[in-house]
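Undergrad: I'm passing along structure_39.cif; it holds mmCIF, C-alpha atoms.
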data_target
#
loop_
_atom_site.label_atom_id
_atom_site.label_comp_id
_atom_site.auth_asym_id
_atom_site.auth_seq_id
_atom_site.Cartn_x
_atom_site.Cartn_y
_atom_site.Cartn_z
CA MET L 1 10.49 3.34 -19.04
CA PRO L 2 7.00 2.27 -20.25
CA ASP L 3 7.28 -1.03 -18.37
CA ALA L 4 8.34 0.76 -15.17
CA VAL L 5 5.39 3.16 -15.47
CA LEU L 6 3.02 0.23 -16.09
CA ILE L 7 4.34 -1.60 -13.04
CA GLY L 8 3.71 1.54 -10.99
CA LEU L 9 0.16 1.85 -12.31
CA GLY L 10 -0.44 -1.82 -11.64
CA ALA L 11 0.73 -1.41 -8.05
CA MET L 12 -1.36 1.72 -7.39
CA VAL L 13 -4.51 1.64 -9.52
CA GLY L 14 -6.29 -1.19 -7.82
CA ALA L 15 -8.75 -1.92 -5.09
CA GLY L 16 -7.70 1.03 -2.93
CA ILE L 17 -9.84 3.50 -4.86
CA PHE L 18 -12.84 1.16 -4.54
CA ALA L 19 -12.44 1.01 -0.74
CA SER L 20 -10.96 4.25 0.61
CA LEU L 21 -13.30 6.95 -0.73
CA ALA L 22 -16.14 6.32 1.74
CA PRO L 23 -14.08 6.41 4.98
CA ALA L 24 -12.17 9.42 3.63
CA ALA L 25 -15.44 11.25 2.92
CA ARG L 26 -16.59 10.48 6.47
CA ALA L 27 -13.47 12.23 7.75
CA ALA L 28 -13.18 15.20 5.37
CA GLY L 29 -16.75 15.80 4.25
CA SER L 30 -16.68 18.31 1.42
CA GLY L 31 -12.88 18.59 1.76
CA LEU L 32 -12.35 15.15 0.23
CA LEU L 33 -10.59 16.41 -2.91
CA ILE L 34 -8.20 18.49 -0.83
CA GLY L 35 -7.33 15.37 1.14
CA LEU L 36 -6.67 13.52 -2.10
CA ALA L 37 -4.26 16.24 -3.23
CA VAL L 38 -2.41 16.12 0.10
CA ALA L 39 -2.10 12.34 -0.13
CA GLY L 40 -0.70 12.70 -3.65
CA VAL L 41 1.96 15.20 -2.53
CA VAL L 42 3.12 12.97 0.33
CA ALA L 43 3.15 9.95 -1.99
CA TYR L 44 5.33 11.84 -4.48
CA CYS L 45 7.87 12.81 -1.80
CA ASN L 46 7.97 9.27 -0.40
CA ALA L 47 8.42 7.70 -3.81
CA THR L 48 11.12 10.18 -4.86
CA SER L 49 13.10 9.57 -1.67
CA SER L 50 12.74 5.81 -2.13
CA ALA L 51 13.84 6.05 -5.78
CA ARG L 52 17.08 7.86 -4.93
CA LEU L 53 17.83 5.27 -2.26
CA ALA L 54 16.97 2.42 -4.63
CA ALA L 55 19.45 3.76 -7.19
CA LEU L 56 22.16 3.71 -4.52
CA TYR L 57 21.14 0.34 -3.02
CA PRO L 58 19.79 -1.68 -5.96
CA ALA L 59 19.49 -4.90 -3.93
CA SER L 60 15.93 -5.93 -3.16
CA GLY L 61 14.56 -4.97 0.22
CA GLY L 62 13.32 -1.39 0.10
CA THR L 63 13.36 0.66 3.29
CA TYR L 64 14.30 -2.42 5.30
CA VAL L 65 17.71 -2.01 3.64
CA TYR L 66 17.80 1.80 3.42
CA GLY L 67 17.02 2.34 7.09
CA ARG L 68 19.64 -0.16 8.20
CA GLU L 69 22.35 1.26 5.93
CA ARG L 70 21.65 4.96 6.55
CA LEU L 71 20.22 5.15 10.07
CA GLY L 72 21.21 1.93 11.82
CA ALA L 73 19.94 -1.60 12.36
CA LEU L 74 17.03 -0.60 14.63
CA TRP L 75 15.50 1.72 12.03
CA GLY L 76 15.82 -0.86 9.28
CA TYR L 77 14.13 -3.38 11.53
CA LEU L 78 11.33 -0.97 12.45
CA ALA L 79 10.74 -0.22 8.77
CA GLY L 80 10.46 -3.94 8.02
CA TRP L 81 8.20 -4.46 11.04
CA ALA L 82 5.97 -1.53 10.04
CA PHE L 83 5.80 -2.90 6.51
CA ILE L 84 4.72 -6.34 7.68
CA VAL L 85 2.01 -5.15 10.06
CA GLY L 86 0.79 -2.41 7.71
CA LYS L 87 0.64 -4.64 4.66
CA THR L 88 -0.98 -7.44 6.65
CA ALA L 89 -3.77 -4.99 7.43
CA SER L 90 -3.82 -4.08 3.72
CA CYS L 91 -4.42 -7.76 2.95
CA ALA L 92 -7.42 -7.77 5.27
CA ALA L 93 -8.71 -4.55 3.68
CA MET L 94 -8.41 -6.02 0.18
CA ALA L 95 -10.22 -9.18 1.24
CA LEU L 96 -13.00 -7.13 2.85
CA THR L 97 -13.28 -5.07 -0.34
CA VAL L 98 -13.99 -8.27 -2.26
CA GLY L 99 -16.72 -9.14 0.22
CA SER L 100 -18.21 -5.64 0.33
CA TYR L 101 -18.70 -5.53 -3.43
CA LEU L 102 -19.56 -9.17 -4.21
CA TRP L 103 -21.80 -10.05 -1.26
CA PRO L 104 -22.27 -7.17 1.20
CA GLY L 105 -24.38 -9.25 3.58
CA GLN L 106 -21.62 -11.83 3.96
CA ALA L 107 -18.57 -9.62 3.46
CA HIS L 108 -16.50 -11.24 6.22
CA ALA L 109 -17.19 -14.80 5.04
CA VAL L 110 -16.28 -13.92 1.45
CA ALA L 111 -13.13 -12.14 2.68
CA VAL L 112 -11.95 -15.19 4.63
CA ALA L 113 -12.64 -17.46 1.66
CA ALA L 114 -10.59 -15.15 -0.60
CA VAL L 115 -7.65 -15.18 1.82
CA VAL L 116 -7.68 -18.96 2.18
CA THR L 117 -7.87 -19.47 -1.59
CA LEU L 118 -5.05 -17.07 -2.46
CA THR L 119 -2.84 -18.32 0.39
CA ALA L 120 -3.21 -21.81 -1.07
CA LEU L 121 -2.28 -20.50 -4.53
CA ASN L 122 0.79 -18.70 -3.16
CA TYR L 123 1.78 -21.83 -1.26
CA THR L 124 2.04 -23.75 -4.54
CA GLY L 125 4.19 -21.03 -6.09
CA VAL L 126 1.51 -19.25 -8.16
CA GLN L 127 2.42 -15.55 -8.45
CA LYS L 128 0.96 -12.46 -10.03
CA SER L 129 2.65 -12.36 -13.43
CA ALA L 130 3.47 -9.31 -15.54
CA LEU L 131 0.80 -10.38 -18.04
CA LEU L 132 -1.82 -10.68 -15.28
CA THR L 133 -0.82 -7.21 -14.06
CA ARG L 134 -1.47 -5.76 -17.52
CA VAL L 135 -4.84 -7.51 -17.74
CA ILE L 136 -5.93 -6.28 -14.30
CA VAL L 137 -4.81 -2.69 -14.98
CA ALA L 138 -6.68 -2.65 -18.30
CA ALA L 139 -9.83 -4.10 -16.72
CA VAL L 140 -9.83 -1.74 -13.75
CA LEU L 141 -9.16 1.34 -15.86
CA SER L 142 -11.98 0.34 -18.21
CA VAL L 143 -14.42 -0.06 -15.32
CA LEU L 144 -13.40 3.25 -13.77
CA ALA L 145 -13.67 5.03 -17.13
CA ALA L 146 -17.17 3.66 -17.64
CA LEU L 147 -18.21 4.82 -14.17
CA VAL L 148 -16.77 8.31 -14.69
CA ALA L 149 -18.52 8.66 -18.05
CA ALA L 150 -21.86 7.45 -16.64
CA SER L 151 -21.64 9.80 -13.66
CA LEU L 152 -20.58 12.89 -15.61
CA THR L 153 -23.41 12.46 -18.13
CA SER L 154 -26.06 11.59 -15.55
CA ASP L 155 -29.00 13.86 -14.78
CA ALA L 156 -28.23 13.21 -11.10
CA ALA L 157 -24.87 15.00 -11.34
CA ASP L 158 -24.79 18.30 -9.45
CA THR L 159 -21.66 20.47 -9.48
CA ALA L 160 -22.77 22.14 -6.23
CA ARG L 161 -21.75 18.93 -4.46
CA LEU L 162 -18.10 19.72 -5.21
CA SER L 163 -18.15 22.92 -3.12
CA VAL L 164 -16.00 22.96 0.00
CA GLY L 165 -18.14 23.85 3.01
CA SER L 166 -17.63 24.57 6.68
CA ASP L 167 -17.67 20.86 7.49
CA ALA L 168 -14.15 20.54 6.02
CA THR L 169 -11.64 20.96 8.86
CA VAL L 170 -7.85 20.72 8.83
CA GLY L 171 -7.94 17.64 11.04
CA GLY L 172 -10.60 16.00 8.89
CA VAL L 173 -8.73 16.70 5.66
CA LEU L 174 -5.49 15.29 7.10
CA GLN L 175 -7.30 12.19 8.32
CA ALA L 176 -8.87 11.75 4.90
CA ALA L 177 -5.43 12.15 3.29
CA GLY L 178 -4.07 9.44 5.58
CA LEU L 179 -6.91 7.09 4.63
CA LEU L 180 -6.59 7.93 0.92
CA PHE L 181 -2.85 7.27 1.14
CA PHE L 182 -3.93 3.64 1.31
CA ALA L 183 -4.98 3.92 -2.35
CA PHE L 184 -1.49 5.14 -3.36
CA ALA L 185 0.48 2.55 -1.38
CA GLY L 186 2.23 0.34 -3.90
CA TYR L 187 4.26 2.95 -5.77
CA ALA L 188 7.30 1.65 -3.88
CA ARG L 189 7.24 -1.19 -6.39
CA ILE L 190 8.78 1.24 -8.89
CA ALA L 191 11.42 2.34 -6.42
CA THR L 192 12.52 -1.28 -5.85
CA LEU L 193 13.13 -2.04 -9.53
CA GLY L 194 16.86 -1.41 -9.23
CA GLU L 195 17.76 -4.96 -10.23
CA GLU L 196 15.15 -5.22 -13.00
CA VAL L 197 15.54 -2.18 -15.27
CA ARG L 198 18.34 -0.73 -17.35
CA ASN L 199 20.00 2.39 -15.98
CA PRO L 200 17.86 2.51 -12.80
CA ALA L 201 19.37 5.82 -11.66
CA ARG L 202 17.81 7.48 -14.73
CA THR L 203 14.71 5.34 -15.38
CA ILE L 204 13.25 5.07 -11.88
CA PRO L 205 13.20 8.81 -10.99
CA ARG L 206 11.50 9.51 -14.34
CA ALA L 207 8.95 6.70 -14.08
CA ILE L 208 7.78 7.63 -10.58
CA PRO L 209 6.31 11.09 -11.27
CA ILE L 210 4.68 9.86 -14.49
CA ALA L 211 3.01 6.89 -12.78
CA LEU L 212 1.97 8.99 -9.81
CA ALA L 213 0.58 11.76 -12.01
CA LEU L 214 -1.45 9.29 -14.07
CA THR L 215 -2.76 7.63 -10.91
CA LEU L 216 -3.71 10.98 -9.38
CA VAL L 217 -5.58 11.94 -12.56
CA VAL L 218 -7.53 8.66 -12.46
CA TYR L 219 -8.32 8.99 -8.76
CA THR L 220 -9.37 12.62 -9.11
CA ALA L 221 -11.69 11.80 -12.00
CA VAL L 222 -13.28 8.98 -10.00
CA ALA L 223 -13.62 11.06 -6.81
CA VAL L 224 -15.17 14.00 -8.70
CA SER L 225 -17.64 11.79 -10.56
CA VAL L 226 -18.71 9.96 -7.40
CA LEU L 227 -19.13 13.24 -5.50
CA LEU L 228 -21.24 14.66 -8.33
CA VAL L 229 -23.88 11.95 -7.99
CA LEU L 230 -23.66 11.03 -4.29
CA GLY L 231 -22.38 14.17 -2.60
CA PRO L 232 -20.06 14.01 0.44
CA GLY L 233 -22.82 12.74 2.74
CA GLY L 234 -23.99 10.00 0.40
CA LEU L 235 -20.43 8.93 -0.26
CA ALA L 236 -19.65 8.80 3.46
CA ASP L 237 -22.60 6.46 4.06
CA ALA L 238 -21.85 4.16 1.12
CA GLY L 239 -20.90 0.56 1.84
CA ALA L 240 -19.68 -0.02 -1.71
CA PRO L 241 -19.26 3.56 -2.97
CA LEU L 242 -18.63 2.92 -6.65
CA THR L 243 -21.62 0.63 -7.10
CA ASP L 244 -23.74 3.12 -5.16
CA ALA L 245 -22.51 5.84 -7.52
CA ALA L 246 -23.47 3.73 -10.55
CA ARG L 247 -27.00 3.28 -9.15
CA ALA L 248 -27.30 6.98 -8.31
CA ALA L 249 -26.23 7.83 -11.86
CA GLY L 250 -29.06 5.66 -13.20
CA ALA L 251 -26.62 3.17 -14.75
CA ASP L 252 -27.90 -0.02 -13.14
CA TRP L 253 -26.32 -2.02 -15.96
CA LEU L 254 -22.94 -0.86 -14.70
CA VAL L 255 -23.40 -2.21 -11.16
CA PRO L 256 -22.32 -5.82 -11.88
CA VAL L 257 -19.44 -4.50 -14.00
CA VAL L 258 -18.19 -2.37 -11.10
CA GLN L 259 -18.62 -5.29 -8.70
CA ALA L 260 -16.56 -7.52 -10.97
CA GLY L 261 -13.93 -4.81 -11.42
CA ALA L 262 -13.62 -4.32 -7.66
CA ALA L 263 -13.28 -8.06 -7.11
CA VAL L 264 -10.63 -8.44 -9.83
CA ALA L 265 -8.66 -5.46 -8.53
CA ALA L 266 -8.87 -6.56 -4.89
CA LEU L 267 -7.97 -10.19 -5.60
CA GLY L 268 -5.00 -9.12 -7.73
CA SER L 269 -3.79 -6.79 -4.98
CA LEU L 270 -4.36 -9.43 -2.31
CA LEU L 271 -2.34 -12.04 -4.21
CA ALA L 272 0.61 -9.65 -4.55
CA LEU L 273 0.33 -8.43 -0.95
CA ILE L 274 0.37 -11.90 0.59
CA LEU L 275 3.39 -12.66 -1.57
CA GLY L 276 5.21 -9.48 -0.48
CA VAL L 277 4.44 -9.80 3.25
CA SER L 278 5.52 -13.43 3.38
CA ARG L 279 8.81 -12.63 1.61
CA THR L 280 9.59 -9.78 3.99
CA THR L 281 8.72 -12.08 6.90
CA LEU L 282 11.16 -14.61 5.42
CA ALA L 283 13.90 -11.96 5.22
CA MET L 284 13.42 -10.79 8.81
CA ALA L 285 13.33 -14.40 10.02
CA ARG L 286 16.64 -15.05 8.25
CA ASP L 287 18.05 -12.03 10.06
CA HIS L 288 16.69 -13.43 13.35
CA HIS L 289 14.41 -10.41 13.78
CA LEU L 290 11.49 -12.87 13.70
CA PRO L 291 11.45 -16.54 14.78
CA HIS L 292 13.98 -18.34 12.60
CA ALA L 293 11.53 -21.19 11.94
CA LEU L 294 9.69 -18.82 9.59
CA ALA L 295 12.73 -18.80 7.28
CA ALA L 296 11.97 -22.34 6.08
CA VAL L 297 11.56 -22.76 2.30
CA HIS L 298 9.41 -25.58 0.92
CA PRO L 299 11.64 -28.19 -0.80
CA LYS L 300 9.19 -28.71 -3.68
CA PHE L 301 7.42 -25.39 -4.22
CA LYS L 302 10.43 -23.21 -3.24
CA VAL L 303 8.25 -20.80 -1.25
CA PRO L 304 8.53 -19.67 2.40
CA HIS L 305 5.64 -21.95 3.32
CA ARG L 306 5.66 -21.36 7.08
CA ALA L 307 5.71 -17.60 6.62
CA GLU L 308 2.90 -17.81 4.05
CA LEU L 309 0.72 -19.98 6.30
CA LEU L 310 1.28 -17.64 9.26
CA VAL L 311 0.50 -14.56 7.18
CA GLY L 312 -2.59 -16.25 5.74
CA ALA L 313 -3.84 -17.21 9.20
CA VAL L 314 -3.34 -13.70 10.60
CA VAL L 315 -4.99 -12.06 7.58
CA ALA L 316 -7.93 -14.48 7.66
CA THR L 317 -8.47 -13.72 11.35
CA ALA L 318 -8.35 -9.97 10.71
CA ALA L 319 -10.69 -10.29 7.74
CA ALA L 320 -13.17 -12.22 9.88
CA THR L 321 -13.22 -9.70 12.72
CA ALA L 322 -12.18 -6.21 11.55
CA ASP L 323 -14.20 -3.64 9.64
CA LEU L 324 -12.92 -2.09 6.43
CA ARG L 325 -12.29 1.40 7.85
CA ALA L 326 -10.25 0.02 10.76
CA ALA L 327 -8.18 -2.15 8.42
CA ILE L 328 -7.47 0.80 6.11
CA GLY L 329 -6.54 3.07 9.03
CA PHE L 330 -4.17 0.57 10.61
CA SER L 331 -2.62 -0.22 7.23
CA SER L 332 -2.04 3.44 6.48
CA PHE L 333 -0.40 3.99 9.88
CA GLY L 334 2.08 1.16 9.34
CA VAL L 335 2.91 2.13 5.76
CA LEU L 336 3.31 5.82 6.66
CA ALA L 337 5.74 4.80 9.42
CA TYR L 338 7.65 2.75 6.84
CA TYR L 339 7.98 5.75 4.51
CA ALA L 340 8.91 8.07 7.36
CA VAL L 341 12.05 5.94 7.74
CA ALA L 342 12.62 6.12 3.96
CA ASN L 343 12.47 9.93 4.00
CA ALA L 344 14.76 10.16 7.01
CA SER L 345 17.21 7.86 5.21
CA ALA L 346 17.05 9.97 2.03
CA PHE L 347 17.81 13.11 4.05
CA THR L 348 21.22 11.65 4.93
CA LEU L 349 22.26 11.25 1.27
CA THR L 350 25.05 13.46 -0.02
CA ARG L 351 25.04 15.28 -3.32
CA ALA L 352 27.46 12.70 -4.73
CA GLU L 353 25.03 9.94 -3.72
CA GLY L 354 22.23 11.53 -5.72
CA ARG L 355 20.21 13.07 -2.92
CA PRO L 356 16.91 14.68 -3.88
CA ALA L 357 16.23 18.36 -3.17
CA ARG L 358 16.27 18.70 0.62
CA ILE L 359 12.66 19.86 0.69
CA ILE L 360 11.44 16.48 -0.63
CA PRO L 361 12.49 14.23 2.28
CA ILE L 362 11.59 17.00 4.74
CA VAL L 363 8.06 17.34 3.37
CA GLY L 364 7.82 13.57 3.02
CA LEU L 365 8.85 12.90 6.62
CA ALA L 366 6.66 15.67 8.05
CA GLY L 367 3.76 14.56 5.85
CA CYS L 368 4.05 10.92 6.89
CA LEU L 369 4.04 11.83 10.58
CA ALA L 370 1.19 14.33 10.20
CA LEU L 371 -1.02 11.93 8.26
CA ALA L 372 -0.19 8.98 10.52
CA PHE L 373 -1.19 10.79 13.69
CA ALA L 374 -4.26 12.37 12.08
CA LEU L 375 -5.74 8.92 11.43
CA PRO L 376 -8.63 7.67 13.60
CA LEU L 377 -7.54 7.43 17.24
CA SER L 378 -7.98 3.66 17.35
CA SER L 379 -5.60 3.28 14.40
CA VAL L 380 -3.02 5.58 15.99
CA LEU L 381 -3.14 3.85 19.38
CA THR L 382 -3.07 0.35 17.95
CA GLY L 383 -0.36 1.21 15.42
CA THR L 384 1.83 2.89 18.04
CA ALA L 385 1.42 -0.06 20.39
CA VAL L 386 2.39 -2.53 17.68
CA LEU L 387 5.50 -0.51 16.72
CA LEU L 388 6.54 -0.26 20.38
CA ALA L 389 6.02 -3.99 20.77
CA GLY L 390 8.24 -4.53 17.74
CA ALA L 391 10.93 -2.31 19.24
CA ALA L 392 10.72 -4.27 22.50
CA VAL L 393 11.15 -7.56 20.64
CA TYR L 394 14.16 -6.08 18.83
CA GLY L 395 15.70 -5.04 22.15
CA MET L 396 15.26 -8.48 23.66
CA ARG L 397 16.68 -10.21 20.58
CA ARG L 398 19.59 -7.76 20.48
CA ARG L 399 20.60 -8.86 23.97
CA SER L 400 20.60 -12.51 22.96
CA THR L 401 22.02 -11.98 19.45
CA PRO L 402 24.79 -9.33 19.38
CA ASP L 403 24.41 -8.38 15.72
CA PRO L 404 20.99 -9.28 14.33
CA GLY L 405 20.86 -8.43 10.67
CA SER L 406 24.50 -9.18 9.90
CA ASP L 407 23.26 -11.88 7.54
CA SER L 408 20.85 -9.63 5.68
CA ARG L 409 19.05 -11.16 2.76
CA PRO L 410 16.03 -8.93 2.50
CA GLY L 411 12.86 -9.69 0.62
CA ARG L 412 11.08 -7.26 -1.64
CA PRO L 413 8.24 -5.16 -0.30
CA THR L 414 5.52 -4.59 -2.87
#
Starting from the coordinates I provided, produce the structure as structure tokens.

TA:
Amino acid sequence: MPDAVLIGLGAMVGAGIFASLAPAARAAGSGLLIGLAVAGVVAYCNATSSARLAALYPASGGTYVYGRERLGALWGYLAGWAFIVGKTASCAAMALTVGSYLWPGQAHAVAVAAVVTLTALNYTGVQKSALLTRVIVAAVLSVLAALVAASLTSDAADTARLSVGSDATVGGVLQAAGLLFFAFAGYARIATLGEEVRNPARTIPRAIPIALALTLVVYTAVAVSVLLVLGPGGLADAGAPLTDAARAAGADWLVPVVQAGAAVAALGSLLALILGVSRTTLAMARDHHLPHALAAVHPKFKVPHRAELLVGAVVATAAATADLRAAIGFSSFGVLAYYAVANASAFTLTRAEGRPARIIPIVGLAGCLALAFALPLSSVLTGTAVLLAGAAVYGMRRRSTPDPGSDSRPGRPT
């Protein structure tokens, strides 16, 4: 149980909180904390649905497997497709977070350099170990704790900045929740531990709410402290919100610490994300849902080298051209679509199969759709177009290959 909770914290408490607060504040204004609560509720429903499915289907693969087994091959494929495109955008967002905090004037150049470096590391078989996860979680939590303490004790803190005003609209709060969902994405790592923990049917459902609750407490503390010293308007305009909060709190000594913490968190997340996207690409290529050439495994390093190089090239291009808010929005749309399929799959479970209370997948599915379509219009249009393009590719491949996915060897989303 403790290890499962730690893995969940390691997957969630990372660079997302360093990056998503500013665009969320732009959307929700003074309703930011309400948006955070909504994102937490949707995350809980998604993770609970995924956990029940993971207990029934302990093989690695996540919703790529659940959708196929419960709803049909098309839905499993769409979940995998949404995961790949959403997490590819997450990679770009993590890389841009590194640049925004380390060298704001050259954020895109730093982001591309980070992607190239970590793609090279992944190519040689270097992975994010359990020990490295513990170190990163400890470092990030320490940095966030220092920032919260400095902000709460600062003379610049003003509790009036926490008041919800007329600028907070339903649409803005939902959009903020969709953007903040980006900071929670990663809890599925707990739900896919079926092959790695003892008694997964008991351990996973218990670990998920604990990890999510701890993460929500951390995020709430950070959001409140940042709002106290910057206010919704100052937070919305911040390029690197946590370093701006440290300056506003009069803790200039903390600025380089926060910058280092953001870089460590983002690089750790980026390493794991590139690994996860390339493995899911490998799985879908093996199933002939993507070009089969991408299923090649390097004879020496035993990694899907073609998939990793393709993912690295796409992420580097996105990091060089996209802005952080657009990357977060597109990522959230893809990941919310992925979890919509998970909730729909969980709804089909019977009592004997360990289904959750019916309200959980219903709220989860409705929440995913509501948050996805409340995102910035550009994210919605681009995300919808990409999913439709994926469906079209599936249809064309289905005509040429009668049963794509019959040789399913899924990879693990992270």

Undergrad: Care to translate the PyMOL selection byres ((chain L and resi 35) around 6) into actual residues of this file, as a VMD selection string?

TA: chain L and resid 32 to 34 36 to 38 173 176 to 177

Undergrad: Interatomic distance between CA of Val143 (chain L) and CA of Leu271 (chain L)?

TA: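 Those two atoms sit 20.3 Å apart.
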
Undergrad: Would you list the contacts of Ile328 (chain L) as a count of residues only, taking every protein, DNA or RNA residue within 8 Å and counting all atoms listed in the file, but skipping same-chain residues closer than 6 positions in sequence?

TA: 6

Undergrad: From the options L:Pro299, L:Gly354, L:Pro205, L:Gly390, which residue's atoms come nearest to Ala82 (chain L), counting all atoms listed in the file?

TA: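 Under the stated criterion, the closest residue is L:Gly390.
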
Undergrad: Taking the file as shown, find all residues satisfying the PyMOL selection byres ((chain L and resi 216) around 12) and write them as a VMD selection string.

TA: chain L and resid 9 12 to 13 17 33 35 to 41 43 to 44 180 to 181 183 to 184 187 209 to 215 217 to 224

Undergrad: In terms of the shortest atom-to-atom distance over all atoms listed in the file, which of L:Leu147, L:Val110, L:Ala262, L:Ala307 is closest to Leu294 (chain L)?

TA: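 Nearest candidate to Leu294 (chain L) out of L:Leu147, L:Val110, L:Ala262, L:Ala307: L:Ala307.
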
Undergrad: Hey, what comes out of the PyMOL selection byres ((chain L and resi 88) around 10) on this file? Could you write it as a ChimeraX atom specification?

TA: /L:82-87,89-94,270,273-274,276-278,311-312,314-316,318,327,330-331,334

Undergrad: Would you compute the distance between CA of Asn46 (chain L) and CA of Val115 (chain L)? Give it in Å to one decimal.

TA: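 Straight-line distance from CA of Asn46 (chain L) to CA of Val115 (chain L) works out to 29.1 Å.
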
Undergrad: Could you tell me, as a VMD selection string, which residues have any atom at most 10 Å from (8.4, 2.2, 6.6), counting only C-alpha atoms?

TA: chain L and resid 46 62 to 64 66 to 67 75 to 84 86 333 to 343 368

Undergrad: Would you list the contacts of region 236-239 of chain L as a PyMOL selection string, taking every protein, DNA or RNA residue within 8 Å and counting all atoms listed in the file, but skipping same-chain residues closer than 4 positions in sequence?

TA: chain L and resi 21-26+29+100+104+232+244
